[in-house]
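See below for the structure under consideration.
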Amino acid sequence: MGVKRSLQSAGLCLGILANVLVVLATSTDFWSRFSDGHNGLWRLCRRRNCTNSPCETMLAATAACVVLAAGSGLLASTLAVRVLLASRTGNLIPPRGRNACLVFFLSALLLLAGMVGYTARDAWKADSFFSWSYFIAWLALPFSILAGFCFLFADMILQSTDAISGFPVCL
């Protein structure tokens with residue numbers, strides 16, 4: 001297994017891990033805790049009584065960015081699988097990993113925007129503390145970025161191999 005395929009496989013694994021973490025963080029209600037309850041992107045729970053979160057602009061923007069990050073991460077993983085399968089089946093013109101790379105970076109950017117928005121919303125509250133769902137979402141960010149870099153480097157290897165393939169080499 002060559003370096004290019006190893007990088008692509010590592011990028012796919014990192015991308016899937018990032019996607020699982022984003023979906024887990026999005027679907028749970030423990031983004032922040034306070035003295036009598038906790039809340040997430042969708043629900044607010046106080047004294048074991050959970051209701052839908054109030055409509056706040058920053059919370060809605062955070063939820064939209066995180067959901068879009070999960071969707072683009074799923075798209076990037078699909079593109080990554082397509083690149084890996086095409087290179088194994090020996091297509092004449094295999095798809096390049098550049099698209100997967102760009103979509104992984106887009107996913108990371110959307111996740112970063114959502115997380116910064118949520119941090120700015122809750123950072124100055126005296127009795128509020130960030131909880132495990134919040135930290136899992138932050139943990140997904142470097143995995144998505146690393147997945148993008150894996151596909152970027154694999155694509156650079158492919159480009160350099162294509163560029164020097166026509167030159168005679170004398171050793």
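Going by the structure tokens order, chains are called A, B, ..., each with residues numbered from 1, while ligands are numbered from 1 in the order shown.
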Q: Tell me, as a ChimeraX atom specification, which residues lie within 7 Å of range 153-162 of chain A, counting only C-alpha atoms; anything in the same chain fewer than 4 positions away does not count.
A: /A:4,7-8,96-98,149
Atoms kept (C-alpha atoms) for selection, written as a CSV table (one decimal), in the first residue's frame:
chain,number,residue,atom,x,y,z
A,4,LYS,CA,-1.0,8.0,-1.4
A,7,LEU,CA,-2.9,9.1,3.4
A,8,GLN,CA,-6.3,8.6,1.7
A,96,ARG,CA,-8.9,13.3,-7.5
A,97,GLY,CA,-9.0,13.8,-3.7
A,98,ARG,CA,-9.1,17.6,-4.1
A,149,PHE,CA,-4.7,17.7,5.0
Mind checking which residues fall within 10 Å of Leu68 in chain A, counting only C-alpha atoms, ignoring those fewer than 4 positions away in the same chain, and posting them as a PDB file with N, CA, C and O atoms, in the first residue's frame?
ATOM      1  N   THR A  62     -25.693  28.812  15.480  1.00  0.00           N
ATOM      2  CA  THR A  62     -24.805  27.720  15.887  1.00  0.00           C
ATOM      3  C   THR A  62     -25.342  26.382  15.418  1.00  0.00           C
ATOM      4  O   THR A  62     -24.615  25.564  14.850  1.00  0.00           O
ATOM      5  N   ALA A  63     -26.628  26.146  15.653  1.00  0.00           N
ATOM      6  CA  ALA A  63     -27.241  24.879  15.239  1.00  0.00           C
ATOM      7  C   ALA A  63     -27.155  24.705  13.724  1.00  0.00           C
ATOM      8  O   ALA A  63     -26.843  23.613  13.239  1.00  0.00           O
ATOM      9  N   ALA A  64     -27.406  25.774  12.978  1.00  0.00           N
ATOM     10  CA  ALA A  64     -27.334  25.686  11.516  1.00  0.00           C
ATOM     11  C   ALA A  64     -25.917  25.359  11.052  1.00  0.00           C
ATOM     12  O   ALA A  64     -25.723  24.499  10.178  1.00  0.00           O
ATOM     13  N   SER A  72     -21.825  18.391   5.408  1.00  0.00           N
ATOM     14  CA  SER A  72     -20.674  18.480   4.515  1.00  0.00           C
ATOM     15  C   SER A  72     -19.620  17.439   4.874  1.00  0.00           C
ATOM     16  O   SER A  72     -18.905  16.946   3.995  1.00  0.00           O
ATOM     17  N   GLY A  73     -19.525  17.065   6.150  1.00  0.00           N
ATOM     18  CA  GLY A  73     -18.620  15.975   6.527  1.00  0.00           C
ATOM     19  C   GLY A  73     -19.060  14.650   5.937  1.00  0.00           C
ATOM     20  O   GLY A  73     -18.241  13.846   5.505  1.00  0.00           O
ATOM     21  N   LEU A  74     -20.375  14.436   5.899  1.00  0.00           N
ATOM     22  CA  LEU A  74     -20.905  13.217   5.271  1.00  0.00           C
ATOM     23  C   LEU A  74     -20.619  13.210   3.774  1.00  0.00           C
ATOM     24  O   LEU A  74     -20.216  12.186   3.206  1.00  0.00           O
ATOM     25  N   LEU A 106     -14.239  22.749   4.372  1.00  0.00           N
ATOM     26  CA  LEU A 106     -15.497  23.475   4.523  1.00  0.00           C
ATOM     27  C   LEU A 106     -16.232  23.018   5.777  1.00  0.00           C
ATOM     28  O   LEU A 106     -16.765  23.840   6.531  1.00  0.00           O
ATOM     29  N   SER A 107     -16.254  21.720   6.014  1.00  0.00           N
ATOM     30  CA  SER A 107     -16.887  21.188   7.213  1.00  0.00           C
ATOM     31  C   SER A 107     -16.222  21.737   8.469  1.00  0.00           C
ATOM     32  O   SER A 107     -16.902  22.122   9.429  1.00  0.00           O
ATOM     33  N   LEU A 110     -17.234  25.450   8.916  1.00  0.00           N
ATOM     34  CA  LEU A 110     -18.598  25.577   9.434  1.00  0.00           C
ATOM     35  C   LEU A 110     -18.662  25.205  10.910  1.00  0.00           C
ATOM     36  O   LEU A 110     -19.334  25.884  11.710  1.00  0.00           O
ATOM     37  N   LEU A 111     -17.966  24.151  11.283  1.00  0.00           N
ATOM     38  CA  LEU A 111     -17.938  23.750  12.687  1.00  0.00           C
ATOM     39  C   LEU A 111     -17.269  24.820  13.543  1.00  0.00           C
ATOM     40  O   LEU A 111     -17.757  25.150  14.631  1.00  0.00           O
ATOM     41  N   GLY A 114     -19.712  27.716  14.042  1.00  0.00           N
ATOM     42  CA  GLY A 114     -20.743  27.381  15.012  1.00  0.00           C
ATOM     43  C   GLY A 114     -20.218  27.352  16.433  1.00  0.00           C
ATOM     44  O   GLY A 114     -20.872  27.840  17.366  1.00  0.00           O
TER      45      GLY A 114
END
Q | Test item, strand (DSSP E or B) assignment across range 11-151 of chain A, answer as a ChimeraX atom specification | A | /A:32-34,37-39,43-46,49-52,129-130
Exercise: range 45-48 of chain A partners within 12 Å, only C-alpha atoms, chain neighbours under 5 positions left out, as a compact mmCIF listing (two decimals) with C-alpha atoms, in the first residue's frame:
# COMPACT_ATOMS: atom_id res chain seq x y z
CA THR A 28 -27.13 15.57 22.85
CA ASP A 29 -28.30 18.19 25.34
CA PHE A 30 -25.18 18.74 27.40
CA TRP A 31 -23.51 21.69 25.73
CA SER A 32 -23.64 23.77 28.89
CA ARG A 33 -24.57 23.11 32.49
CA PHE A 34 -25.83 25.50 35.11
CA SER A 35 -26.98 25.25 38.70
CA ASP A 36 -30.43 23.75 38.07
CA GLY A 37 -30.08 22.07 34.67
CA HIS A 38 -28.39 21.82 31.30
CA ASN A 39 -29.03 22.75 27.70
CA GLY A 40 -28.02 21.87 24.18
CA SER A 53 -34.84 25.86 23.54
CA PRO A 54 -36.03 29.44 23.16
Q: Choose the residue, out of A:Leu17, A:Leu112, A:Cys101, A:Ala123, that has the smallest atom-to-atom separation from Cys150 in chain A; count only C-alpha atoms.
A: A:Cys101
(Q) When you count only C-alpha atoms, which of these residues is closest to Ala10 in chain A: A:Leu84, A:Ala126, A:Tyr134, A:Ala140? (A)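 Looking only at the distances to Ala10 in chain A, the closest residue turns out to be A:Leu84.
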Q: Write out as a ChimeraX atom specification which residues come within 9 Å of Ser144 in chain A when counting only C-alpha atoms, dropping same-chain ones fewer than 3 positions away.
A: /A:11,14-19,73,104-105,107-108,140-141,147-149
Selection above as a file: C-alpha atoms, as an mmCIF file, in the first residue's frame:
data_model
loop_
_atom_site.group_PDB
_atom_site.id
_atom_site.type_symbol
_atom_site.label_atom_id
_atom_site.label_comp_id
_atom_site.auth_asym_id
_atom_site.auth_seq_id
_atom_site.Cartn_x
_atom_site.Cartn_y
_atom_site.Cartn_z
ATOM 1 C CA GLY A 11 -8.103 10.835 5.873
ATOM 2 C CA LEU A 14 -10.323 10.769 10.472
ATOM 3 C CA GLY A 15 -13.252 12.176 8.513
ATOM 4 C CA ILE A 16 -15.620 9.454 9.671
ATOM 5 C CA LEU A 17 -14.470 9.951 13.270
ATOM 6 C CA ALA A 18 -15.041 13.702 12.985
ATOM 7 C CA ASN A 19 -18.501 13.085 11.543
ATOM 8 C CA GLY A 73 -18.620 15.975 6.527
ATOM 9 C CA PHE A 104 -13.456 18.466 4.703
ATOM 10 C CA PHE A 105 -12.026 21.977 5.093
ATOM 11 C CA SER A 107 -16.887 21.188 7.213
ATOM 12 C CA ALA A 108 -14.172 22.323 9.620
ATOM 13 C CA ALA A 140 -14.154 16.962 15.986
ATOM 14 C CA LEU A 141 -12.570 20.117 14.548
ATOM 15 C CA ALA A 147 -8.654 14.578 7.152
ATOM 16 C CA GLY A 148 -8.533 17.500 4.726
ATOM 17 C CA PHE A 149 -4.742 17.657 4.952
#
Q) Closest to Leu21 in chain A among A:Ala86, A:Ser9, A:Ala69, A:Leu102, using only C-alpha atoms? A)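 For Leu21 in chain A, the nearest of the given residues is A:Ala69.
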**Q.** Point-to-point distance in Å for CA of Thr78 in chain A and CA of Trp42 in chain A
**A.**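 Calculated distance between CA of Trp42 in chain A and CA of Thr78 in chain A is 27.2 Å.
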Q: Step one, run DSSP on the backbone; step two, keep only residues of range 28-143 of chain A assigned to alpha helix (DSSP H); then write them as a count of residues only.
A: 70
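With CA of Ser6 in chain A on one side and CA of Leu139 in chain A on the other, the separation reads 22.9 Å.
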Q. What is the CA of Ala113 in chain A-CA of Phe151 in chain A distance in Å, reported with one decimal?
A.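 Separation between CA of Ala113 in chain A and CA of Phe151 in chain A: 22.4 Å.
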**Q.** Option closest in space to Leu12 in chain A, from A:Ala61, A:Lys125, A:Leu146, A:Asn52 [counting only C-alpha atoms]
**A.**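 Looking only at the distances to Leu12 in chain A, the closest residue turns out to be A:Leu146.
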Q) Looking at A:Arg82, A:Arg43, A:Arg5, A:Arg121, which one is nearest to Leu59 in chain A, with distances taken over only C-alpha atoms? A)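 Answer, going by the shortest atom-to-atom distance: A:Arg121.
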